[in-house]
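Shown here: data10.cif, mmCIF, C-alpha atoms and all ligand atoms; chains and numbers go by the auth columns.
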```
data_target
loop_
_atom_site.group_PDB
_atom_site.id
_atom_site.type_symbol
_atom_site.label_atom_id
_atom_site.label_comp_id
_atom_site.label_asym_id
_atom_site.label_seq_id
_atom_site.Cartn_x
_atom_site.Cartn_y
_atom_site.Cartn_z
_atom_site.B_iso_or_equiv
_atom_site.auth_seq_id
_atom_site.auth_asym_id
ATOM 1 C CA MET A 1 0.000 0.000 0.000 0.00 1148 A
ATOM 2 C CA PHE A 2 2.830 2.334 0.966 0.00 1149 A
ATOM 3 C CA CYS A 3 4.616 1.566 -2.315 0.00 1150 A
ATOM 4 C CA PHE A 4 1.450 2.182 -4.286 0.00 1151 A
ATOM 5 C CA THR A 5 0.890 5.572 -2.599 0.00 1152 A
ATOM 6 C CA LEU A 6 4.513 6.532 -3.189 0.00 1153 A
ATOM 7 C CA LEU A 7 4.242 5.575 -6.857 0.00 1154 A
ATOM 8 C CA ALA A 8 1.023 7.560 -7.254 0.00 1155 A
ATOM 9 C CA LEU A 9 2.628 10.612 -5.630 0.00 1156 A
ATOM 10 C CA LEU A 10 5.710 10.307 -7.869 0.00 1157 A
ATOM 11 C CA CYS A 11 3.556 10.081 -10.991 0.00 1158 A
ATOM 12 C CA CYS A 12 1.595 13.157 -9.938 0.00 1159 A
ATOM 13 C CA GLY A 13 4.850 15.003 -9.375 0.00 1160 A
ATOM 14 C CA VAL A 14 6.104 14.147 -12.850 0.00 1161 A
ATOM 15 C CA PHE A 15 2.886 15.442 -14.446 0.00 1162 A
ATOM 16 C CA ILE A 16 2.839 18.621 -12.376 0.00 1163 A
ATOM 17 C CA ASN A 17 6.480 19.322 -13.246 0.00 1164 A
ATOM 18 C CA ALA A 18 5.878 18.687 -16.944 0.00 1165 A
ATOM 19 C CA ALA A 19 3.022 21.198 -16.866 0.00 1166 A
ATOM 20 C CA ASN A 20 5.148 23.802 -15.093 0.00 1167 A
ATOM 21 C CA ILE A 21 8.133 23.419 -17.396 0.00 1168 A
ATOM 22 C CA GLN A 22 5.920 24.071 -20.431 0.00 1169 A
ATOM 23 C CA ALA A 23 6.273 27.841 -20.967 0.00 1170 A
ATOM 24 C CA ARG A 24 2.969 29.626 -21.293 0.00 1171 A
ATOM 25 C CA SER A 25 2.456 32.185 -24.001 0.00 1172 A
ATOM 26 C CA SER A 26 -1.240 32.392 -24.951 0.00 1173 A
ATOM 27 C CA SER A 27 -3.576 34.918 -23.357 0.00 1174 A
ATOM 28 C CA TYR A 28 -6.874 36.601 -24.168 0.00 1175 A
ATOM 29 C CA SER A 29 -8.305 40.093 -23.634 0.00 1176 A
ATOM 30 C CA GLY A 30 -12.038 40.603 -23.962 0.00 1177 A
ATOM 31 C CA GLU A 31 -14.698 40.348 -24.918 0.00 1178 A
ATOM 32 C CA TYR A 32 -15.432 44.079 -25.220 0.00 1179 A
ATOM 33 C CA GLY A 33 -18.855 45.144 -26.472 0.00 1180 A
ATOM 34 C CA GLY A 34 -22.520 44.158 -26.430 0.00 1181 A
ATOM 35 C CA GLY A 35 -24.284 40.828 -26.841 0.00 1182 A
ATOM 36 C CA GLY A 36 -25.756 41.273 -30.341 0.00 1183 A
ATOM 37 C CA GLY A 37 -24.560 40.118 -33.746 0.00 1184 A
ATOM 38 C CA LYS A 38 -23.190 36.834 -35.028 0.00 1185 A
ATOM 39 C CA ARG A 39 -19.983 35.325 -33.626 0.00 1186 A
ATOM 40 C CA PHE A 40 -16.792 35.131 -35.669 0.00 1187 A
ATOM 41 C CA SER A 41 -13.248 33.985 -34.952 0.00 1188 A
ATOM 42 C CA HIS A 42 -10.013 34.292 -36.912 0.00 1189 A
ATOM 43 C CA SER A 43 -8.353 31.426 -35.024 0.00 1190 A
ATOM 44 C CA GLY A 44 -7.746 29.513 -38.264 0.00 1191 A
ATOM 45 C CA ASN A 45 -6.446 32.618 -40.056 0.00 1192 A
ATOM 46 C CA GLN A 46 -3.429 32.851 -37.732 0.00 1193 A
ATOM 47 C CA LEU A 47 -2.012 29.845 -39.632 0.00 1194 A
ATOM 48 C CA ASP A 48 -1.562 32.176 -42.645 0.00 1195 A
ATOM 49 C CA GLY A 49 1.073 34.136 -40.717 0.00 1196 A
ATOM 50 C CA PRO A 50 1.495 37.164 -38.461 0.00 1197 A
ATOM 51 C CA ILE A 51 -0.919 40.100 -38.686 0.00 1198 A
ATOM 52 C CA THR A 52 0.432 42.362 -41.448 0.00 1199 A
ATOM 53 C CA ALA A 53 -2.404 44.832 -42.162 0.00 1200 A
ATOM 54 C CA LEU A 54 -5.861 45.963 -41.006 0.00 1201 A
ATOM 55 C CA ARG A 55 -8.935 47.380 -42.706 0.00 1202 A
ATOM 56 C CA ILE A 56 -11.390 49.157 -40.420 0.00 1203 A
ATOM 57 C CA ARG A 57 -14.719 50.631 -41.559 0.00 1204 A
ATOM 58 C CA VAL A 58 -16.033 53.525 -39.451 0.00 1205 A
ATOM 59 C CA ASN A 59 -19.131 55.693 -39.618 0.00 1206 A
ATOM 60 C CA ARG A 60 -20.115 58.727 -37.482 0.00 1207 A
ATOM 61 C CA TRP A 61 -20.894 56.562 -34.452 0.00 1208 A
ATOM 62 C CA TYR A 62 -19.479 53.059 -34.691 0.00 1209 A
ATOM 63 C CA ILE A 63 -16.703 50.732 -35.758 0.00 1210 A
ATOM 64 C CA VAL A 64 -18.728 49.272 -38.625 0.00 1211 A
ATOM 65 C CA GLY A 65 -16.461 46.521 -39.923 0.00 1212 A
ATOM 66 C CA ILE A 66 -13.078 44.835 -39.768 0.00 1213 A
ATOM 67 C CA GLN A 67 -10.818 42.763 -41.997 0.00 1214 A
ATOM 68 C CA VAL A 68 -7.359 41.533 -40.948 0.00 1215 A
ATOM 69 C CA ARG A 69 -4.440 40.438 -43.138 0.00 1216 A
ATOM 70 C CA TYR A 70 -2.524 37.377 -41.865 0.00 1217 A
ATOM 71 C CA GLY A 71 0.757 36.924 -43.725 0.00 1218 A
ATOM 72 C CA LYS A 72 -0.320 37.568 -47.310 0.00 1219 A
ATOM 73 C CA GLU A 73 -3.966 36.532 -46.892 0.00 1220 A
ATOM 74 C CA TRP A 74 -6.883 38.798 -45.996 0.00 1221 A
ATOM 75 C CA SER A 75 -9.522 37.365 -43.648 0.00 1222 A
ATOM 76 C CA ASP A 76 -13.206 37.576 -44.560 0.00 1223 A
ATOM 77 C CA TYR A 77 -14.675 41.037 -43.959 0.00 1224 A
ATOM 78 C CA LYS A 78 -16.978 41.201 -40.901 0.00 1225 A
ATOM 79 C CA GLY A 79 -19.546 43.937 -40.291 0.00 1226 A
ATOM 80 C CA GLY A 80 -21.742 46.319 -42.285 0.00 1227 A
ATOM 81 C CA SER A 81 -21.372 48.588 -45.280 0.00 1228 A
ATOM 82 C CA SER A 82 -21.915 52.141 -43.993 0.00 1229 A
ATOM 83 C CA GLY A 83 -19.117 54.663 -43.516 0.00 1230 A
ATOM 84 C CA ASP A 84 -15.572 54.690 -44.829 0.00 1231 A
ATOM 85 C CA LEU A 85 -13.012 51.911 -45.051 0.00 1232 A
ATOM 86 C CA GLU A 86 -9.548 52.750 -43.753 0.00 1233 A
ATOM 87 C CA GLU A 87 -6.460 50.607 -44.283 0.00 1234 A
ATOM 88 C CA ILE A 88 -3.130 50.420 -42.490 0.00 1235 A
ATOM 89 C CA PHE A 89 -0.119 48.212 -43.192 0.00 1236 A
ATOM 90 C CA LEU A 90 2.376 47.259 -40.492 0.00 1237 A
ATOM 91 C CA HIS A 91 6.099 47.442 -41.209 0.00 1238 A
ATOM 92 C CA PRO A 92 7.954 44.127 -41.776 0.00 1239 A
ATOM 93 C CA GLY A 93 8.245 42.348 -38.425 0.00 1240 A
ATOM 94 C CA GLU A 94 6.095 44.966 -36.630 0.00 1241 A
ATOM 95 C CA SER A 95 3.417 43.622 -34.252 0.00 1242 A
ATOM 96 C CA ILE A 96 0.402 44.938 -32.361 0.00 1243 A
ATOM 97 C CA ILE A 97 1.131 44.692 -28.625 0.00 1244 A
ATOM 98 C CA GLN A 98 -1.833 46.559 -27.103 0.00 1245 A
ATOM 99 C CA VAL A 99 -5.374 47.517 -28.145 0.00 1246 A
ATOM 100 C CA THR A 100 -7.426 50.120 -26.303 0.00 1247 A
ATOM 101 C CA GLY A 101 -10.869 51.445 -27.142 0.00 1248 A
ATOM 102 C CA LYS A 102 -14.447 52.140 -26.119 0.00 1249 A
ATOM 103 C CA TYR A 103 -17.793 50.376 -26.425 0.00 1250 A
ATOM 104 C CA LYS A 104 -21.435 50.992 -25.565 0.00 1251 A
ATOM 105 C CA THR A 105 -23.706 48.208 -26.873 0.00 1252 A
ATOM 106 C CA TYR A 106 -21.516 48.297 -30.012 0.00 1253 A
ATOM 107 C CA LEU A 107 -17.806 48.895 -30.523 0.00 1254 A
ATOM 108 C CA ARG A 108 -17.165 52.656 -30.768 0.00 1255 A
ATOM 109 C CA LYS A 109 -13.409 53.043 -30.833 0.00 1256 A
ATOM 110 C CA VAL A 110 -10.238 50.944 -31.274 0.00 1257 A
ATOM 111 C CA VAL A 111 -6.610 52.046 -31.009 0.00 1258 A
ATOM 112 C CA PHE A 112 -3.955 49.598 -32.201 0.00 1259 A
ATOM 113 C CA ILE A 113 -0.519 50.127 -30.633 0.00 1260 A
ATOM 114 C CA THR A 114 2.591 48.473 -32.084 0.00 1261 A
ATOM 115 C CA ASP A 115 5.995 47.391 -30.777 0.00 1262 A
ATOM 116 C CA LYS A 116 7.513 50.144 -32.943 0.00 1263 A
ATOM 117 C CA GLY A 117 5.712 52.801 -30.911 0.00 1264 A
ATOM 118 C CA ARG A 118 3.137 53.585 -33.587 0.00 1265 A
ATOM 119 C CA TYR A 119 -0.557 53.843 -32.777 0.00 1266 A
ATOM 120 C CA PHE A 120 -3.574 53.775 -35.073 0.00 1267 A
ATOM 121 C CA PRO A 121 -6.837 55.154 -33.645 0.00 1268 A
ATOM 122 C CA PHE A 122 -10.250 54.539 -35.284 0.00 1269 A
ATOM 123 C CA GLY A 123 -13.726 55.688 -34.203 0.00 1270 A
ATOM 124 C CA LYS A 124 -15.247 58.006 -31.632 0.00 1271 A
ATOM 125 C CA ASP A 125 -14.644 58.730 -27.935 0.00 1272 A
ATOM 126 C CA THR A 126 -17.967 57.472 -26.523 0.00 1273 A
ATOM 127 C CA GLY A 127 -18.660 54.752 -23.965 0.00 1274 A
ATOM 128 C CA VAL A 128 -16.800 52.511 -21.569 0.00 1275 A
ATOM 129 C CA SER A 129 -13.023 52.213 -21.966 0.00 1276 A
ATOM 130 C CA PHE A 130 -11.153 48.949 -22.406 0.00 1277 A
ATOM 131 C CA ASN A 131 -7.454 48.197 -22.443 0.00 1278 A
ATOM 132 C CA GLY A 132 -6.327 44.864 -23.904 0.00 1279 A
ATOM 133 C CA ALA A 133 -2.715 43.724 -23.504 0.00 1280 A
ATOM 134 C CA PRO A 134 -0.933 40.346 -23.465 0.00 1281 A
ATOM 135 C CA LEU A 135 -0.233 38.569 -20.187 0.00 1282 A
ATOM 136 C CA TYR A 136 3.146 37.136 -21.233 0.00 1283 A
ATOM 137 C CA PRO A 137 6.225 39.214 -22.147 0.00 1284 A
ATOM 138 C CA GLY A 138 7.227 39.242 -25.788 0.00 1285 A
ATOM 139 C CA THR A 139 3.829 38.063 -27.046 0.00 1286 A
ATOM 140 C CA VAL A 140 1.793 39.895 -29.690 0.00 1287 A
ATOM 141 C CA LEU A 141 -1.686 40.053 -31.224 0.00 1288 A
ATOM 142 C CA ARG A 142 -2.116 36.832 -33.246 0.00 1289 A
ATOM 143 C CA TYR A 143 -5.828 36.987 -34.085 0.00 1290 A
ATOM 144 C CA ILE A 144 -9.161 38.530 -33.189 0.00 1291 A
ATOM 145 C CA SER A 145 -12.648 37.193 -32.504 0.00 1292 A
ATOM 146 C CA GLY A 146 -15.965 38.898 -31.803 0.00 1293 A
ATOM 147 C CA SER A 147 -19.529 39.458 -32.975 0.00 1294 A
ATOM 148 C CA SER A 148 -20.836 41.461 -35.903 0.00 1295 A
ATOM 149 C CA GLY A 149 -23.996 42.393 -37.764 0.00 1296 A
ATOM 150 C CA SER A 150 -24.493 45.779 -39.369 0.00 1297 A
ATOM 151 C CA VAL A 151 -21.612 46.968 -37.133 0.00 1298 A
ATOM 152 C CA ILE A 152 -18.991 45.302 -34.897 0.00 1299 A
ATOM 153 C CA ASP A 153 -20.910 44.445 -31.701 0.00 1300 A
ATOM 154 C CA ALA A 154 -17.954 43.093 -29.720 0.00 1301 A
ATOM 155 C CA ILE A 155 -14.287 42.199 -30.106 0.00 1302 A
ATOM 156 C CA GLY A 156 -11.655 40.101 -28.302 0.00 1303 A
ATOM 157 C CA PHE A 157 -7.874 39.881 -28.704 0.00 1304 A
ATOM 158 C CA HIS A 158 -5.796 36.677 -28.694 0.00 1305 A
ATOM 159 C CA TRP A 159 -2.104 37.070 -27.850 0.00 1306 A
ATOM 160 C CA ASP A 160 0.744 34.628 -28.418 0.00 1307 A
ATOM 161 C CA LYS A 161 4.322 34.406 -29.659 0.00 1308 A
ATOM 162 C CA TYR A 162 5.189 35.901 -33.036 0.00 1309 A
ATOM 163 C CA PRO A 163 5.127 32.906 -35.433 0.00 1310 A
ATOM 164 C CA SER A 164 8.602 31.490 -35.924 0.00 1311 A
ATOM 165 C CA HIS A 165 7.621 29.923 -39.228 0.00 1312 A
ATOM 166 C CA CYS A 166 6.166 32.074 -41.984 0.00 1313 A
ATOM 167 C CA PRO A 167 3.601 29.943 -43.839 0.00 1314 A
ATOM 168 C CA GLY A 168 3.491 30.288 -47.568 0.00 1315 A
ATOM 169 C CA CYS A 169 6.881 31.943 -47.864 0.00 1316 A
ATOM 170 C CA GLY A 170 8.763 28.766 -48.714 0.00 1317 A
ATOM 171 C CA ASN A 171 11.346 29.007 -45.939 0.00 1318 A
ATOM 172 C CA ARG A 172 11.545 28.138 -42.288 0.00 1319 A
ATOM 173 C CA SER A 173 12.893 30.916 -40.143 0.00 1320 A
ATOM 174 C CA THR A 174 13.692 30.195 -36.529 0.00 1321 A
ATOM 175 C CA SER A 175 13.787 33.790 -35.417 0.00 1322 A
ATOM 176 C CA ARG A 176 11.652 36.857 -35.837 0.00 1323 A
ATOM 177 C CA PRO A 177 11.697 37.948 -39.487 0.00 1324 A
ATOM 178 C CA THR A 178 13.712 41.034 -40.353 0.00 1325 A
ATOM 179 C CA THR A 179 13.310 43.171 -43.450 0.00 1326 A
ATOM 180 C CA SER A 180 15.118 40.485 -45.432 0.00 1327 A
ATOM 181 C CA HIS A 181 12.250 38.070 -44.699 0.00 1328 A
ATOM 182 C CA ILE A 182 9.561 39.618 -46.859 0.00 1329 A
ATOM 183 C CA CYS A 183 7.351 36.714 -45.811 0.00 1330 A
ATOM 184 C CA ALA A 184 5.903 38.824 -42.984 0.00 1331 A
ATOM 185 C CA GLN A 185 4.445 41.108 -45.649 0.00 1332 A
HETATM 186 C C1 LIG B . -28.019 43.574 -36.878 0.00 1 U
HETATM 187 C C2 LIG B . -28.075 42.257 -36.144 0.00 1 U
HETATM 188 C C3 LIG B . -27.903 42.462 -34.661 0.00 1 U
HETATM 189 C C4 LIG B . -26.634 43.271 -34.395 0.00 1 U
HETATM 190 C C5 LIG B . -26.667 44.564 -35.206 0.00 1 U
HETATM 191 C C6 LIG B . -25.392 45.362 -35.058 0.00 1 U
HETATM 192 C C7 LIG B . -29.357 45.521 -37.259 0.00 1 U
HETATM 193 O O1 LIG B . -29.168 44.330 -36.536 0.00 1 U
HETATM 194 O O2 LIG B . -27.060 41.412 -36.637 0.00 1 U
HETATM 195 O O3 LIG B . -27.817 41.215 -33.970 0.00 1 U
HETATM 196 O O4 LIG B . -26.546 43.557 -33.014 0.00 1 U
HETATM 197 O O5 LIG B . -26.827 44.273 -36.580 0.00 1 U
HETATM 198 O O6 LIG B . -24.279 44.687 -35.587 0.00 1 U
#
```

Rendering of file as structure tokens:
Amino acid sequence: MFCFTLLALLCCGVFINAANIQARSSSYSGEYGGGGGKRFSHSGNQLDGPITALRIRVNRWYIVGIQVRYGKEWSDYKGGSSGDLEEIFLHPGESIIQVTGKYKTYLRKVVFITDKGRYFPFGKDTGVSFNGAPLYPGTVLRYISGSSGSVIDAIGFHWDKYPSHCPGCGNRSTSRPTTSHICAQ
């Protein structure tokens, strides 16, 4: 009996240690917004590569729509058709490391902040503030999820390590791409 208990304790210890050794990198901020709209998630899109560009549609009151470019592939557009579409491209190897904004039933404002000190604000200053940032050092925005209808109802931010392999670029890089790795664009 003693041996059995000892063995059980040892096994538990091995599992607990294995779990602790595994470095954690994924975290989530959100969801910010109201309960309407239809759910969407870009979790599959992150396999196309790091976030390289954003398209945000805004009207006088709301963040109307969003489309995100992963590697060289644009996600589906989510949201409505009113207002104006704005587009920003990140620099090679640049990542979003914080997103702030406001919501009130629907998403009203988003500000994307990058690890190169640039920030891109969209929308209006109305509603409750949110501040989304990764839990683990050195991690970046990998994909978004949320709900949309005729506008963006709600949004959430998924953080993880910058992908070490650029899909679709025909090479395997073990470190963060520099300007010579155009694959990030
Ligand atoms: C639609 C519908 C709602 C959603 C709003 C705003 C007009 O209604 O999809 O569920 O909340 O759009 O996106």

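Distance annotation: of A:Ser1228, A:Thr1286, A:Thr1261, A:Ser1276, the residue with the minimal separation from ligand LIG 1 (chain U) is A:Ser1228; atom set is all atoms listed in the file.
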
Got a sec to resolve the PyMOL selection byres (((chain A and resi 1175) around 10) and not hetatm) on this structure and send the residues as a short mmCIF file (atom, residue, chain, number, x, y, z; two decimals) with C-alpha atoms, in the frame of the given file?
```cif
data_model
loop_
_atom_site.label_atom_id
_atom_site.label_comp_id
_atom_site.auth_asym_id
_atom_site.auth_seq_id
_atom_site.Cartn_x
_atom_site.Cartn_y
_atom_site.Cartn_z
CA SER A 1173 -1.24 32.39 -24.95
CA SER A 1174 -3.58 34.92 -23.36
CA SER A 1176 -8.30 40.09 -23.63
CA GLY A 1177 -12.04 40.60 -23.96
CA GLU A 1178 -14.70 40.35 -24.92
CA GLY A 1279 -6.33 44.86 -23.90
CA ALA A 1280 -2.72 43.72 -23.50
CA PRO A 1281 -0.93 40.35 -23.46
CA LEU A 1282 -0.23 38.57 -20.19
CA LEU A 1288 -1.69 40.05 -31.22
CA TYR A 1290 -5.83 36.99 -34.08
CA ILE A 1291 -9.16 38.53 -33.19
CA GLY A 1303 -11.66 40.10 -28.30
CA PHE A 1304 -7.87 39.88 -28.70
CA HIS A 1305 -5.80 36.68 -28.69
CA TRP A 1306 -2.10 37.07 -27.85
CA ASP A 1307 0.74 34.63 -28.42
#
```

inquiry  = Suppose a student applies the PyMOL selection byres (((not hetatm)) within 6 of (chain U and resi 1)) to this structure; what residues should they get, written as a PyMOL selection string?
reply    = chain A and resi 1183-1184+1295-1300

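You will find CA of Gly1230 (chain A) at 25.7 Å from CA of Asn1192 (chain A).
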
task = Point out the residue among A:Ser1172, A:Tyr1309, A:Asp1272, A:Lys1225 with the least atom-to-atom distance to Leu1194 (chain A), counting all atoms listed in the file.
result = A:Tyr1309

Just want the 8 Å neighbourhood of Lys1256 (chain A), counted on only C-alpha atoms, with same-chain residues fewer than 6 positions away dropped. Output as a JSON list (two decimals) with C-alpha atoms, keeping the file's coordinate frame.
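Okay, selection-v8.json is ready:
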```json
[["chain", "number", "residue", "atom", "x", "y", "z"],
["A", 1209, "TYR", "CA", -19.48, 53.06, -34.69],
["A", 1210, "ILE", "CA", -16.70, 50.73, -35.76],
["A", 1248, "GLY", "CA", -10.87, 51.44, -27.14],
["A", 1249, "LYS", "CA", -14.45, 52.14, -26.12],
["A", 1250, "TYR", "CA", -17.79, 50.38, -26.42],
["A", 1268, "PRO", "CA", -6.84, 55.15, -33.65],
["A", 1269, "PHE", "CA", -10.25, 54.54, -35.28],
["A", 1270, "GLY", "CA", -13.73, 55.69, -34.20],
["A", 1271, "LYS", "CA", -15.25, 58.01, -31.63],
["A", 1272, "ASP", "CA", -14.64, 58.73, -27.94],
["A", 1273, "THR", "CA", -17.97, 57.47, -26.52]]
```

note = Counting all atoms listed in the file, closest pick from A:Phe1236, A:Val1257, A:Asp1262, A:Gly1226 relative to Lys1185 (chain A) is A:Gly1226

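Shortest separation to Phe1187 (chain A) among A:Thr1247, A:Gln1214, A:Thr1252, A:Ser1229 occurs at residue A:Gln1214, atoms counted being only C-alpha atoms.
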
request  = Mind checking which residues fall within 8 Å of Ala1200 (chain A), counting all atoms listed in the file, ignoring those fewer than 6 positions away in the same chain, and posting them as a ChimeraX atom specification?
outcome  = /A:1215-1217,1234-1237

Draw an axis-aligned box tight on the listed atoms of region 1215-1231 of chain A, then pad every side by 6 Å and write out centre and edge lengths in Å to one decimal as JSON.
```
{"center_x": -10.6, "center_y": 45.6, "center_z": -43.8, "size_x": 34.7, "size_y": 30.2, "size_z": 19.0}
```

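Interatomic distance, CA of Lys1263 (chain A) to CA of Thr1199 (chain A): 13.5 Å.
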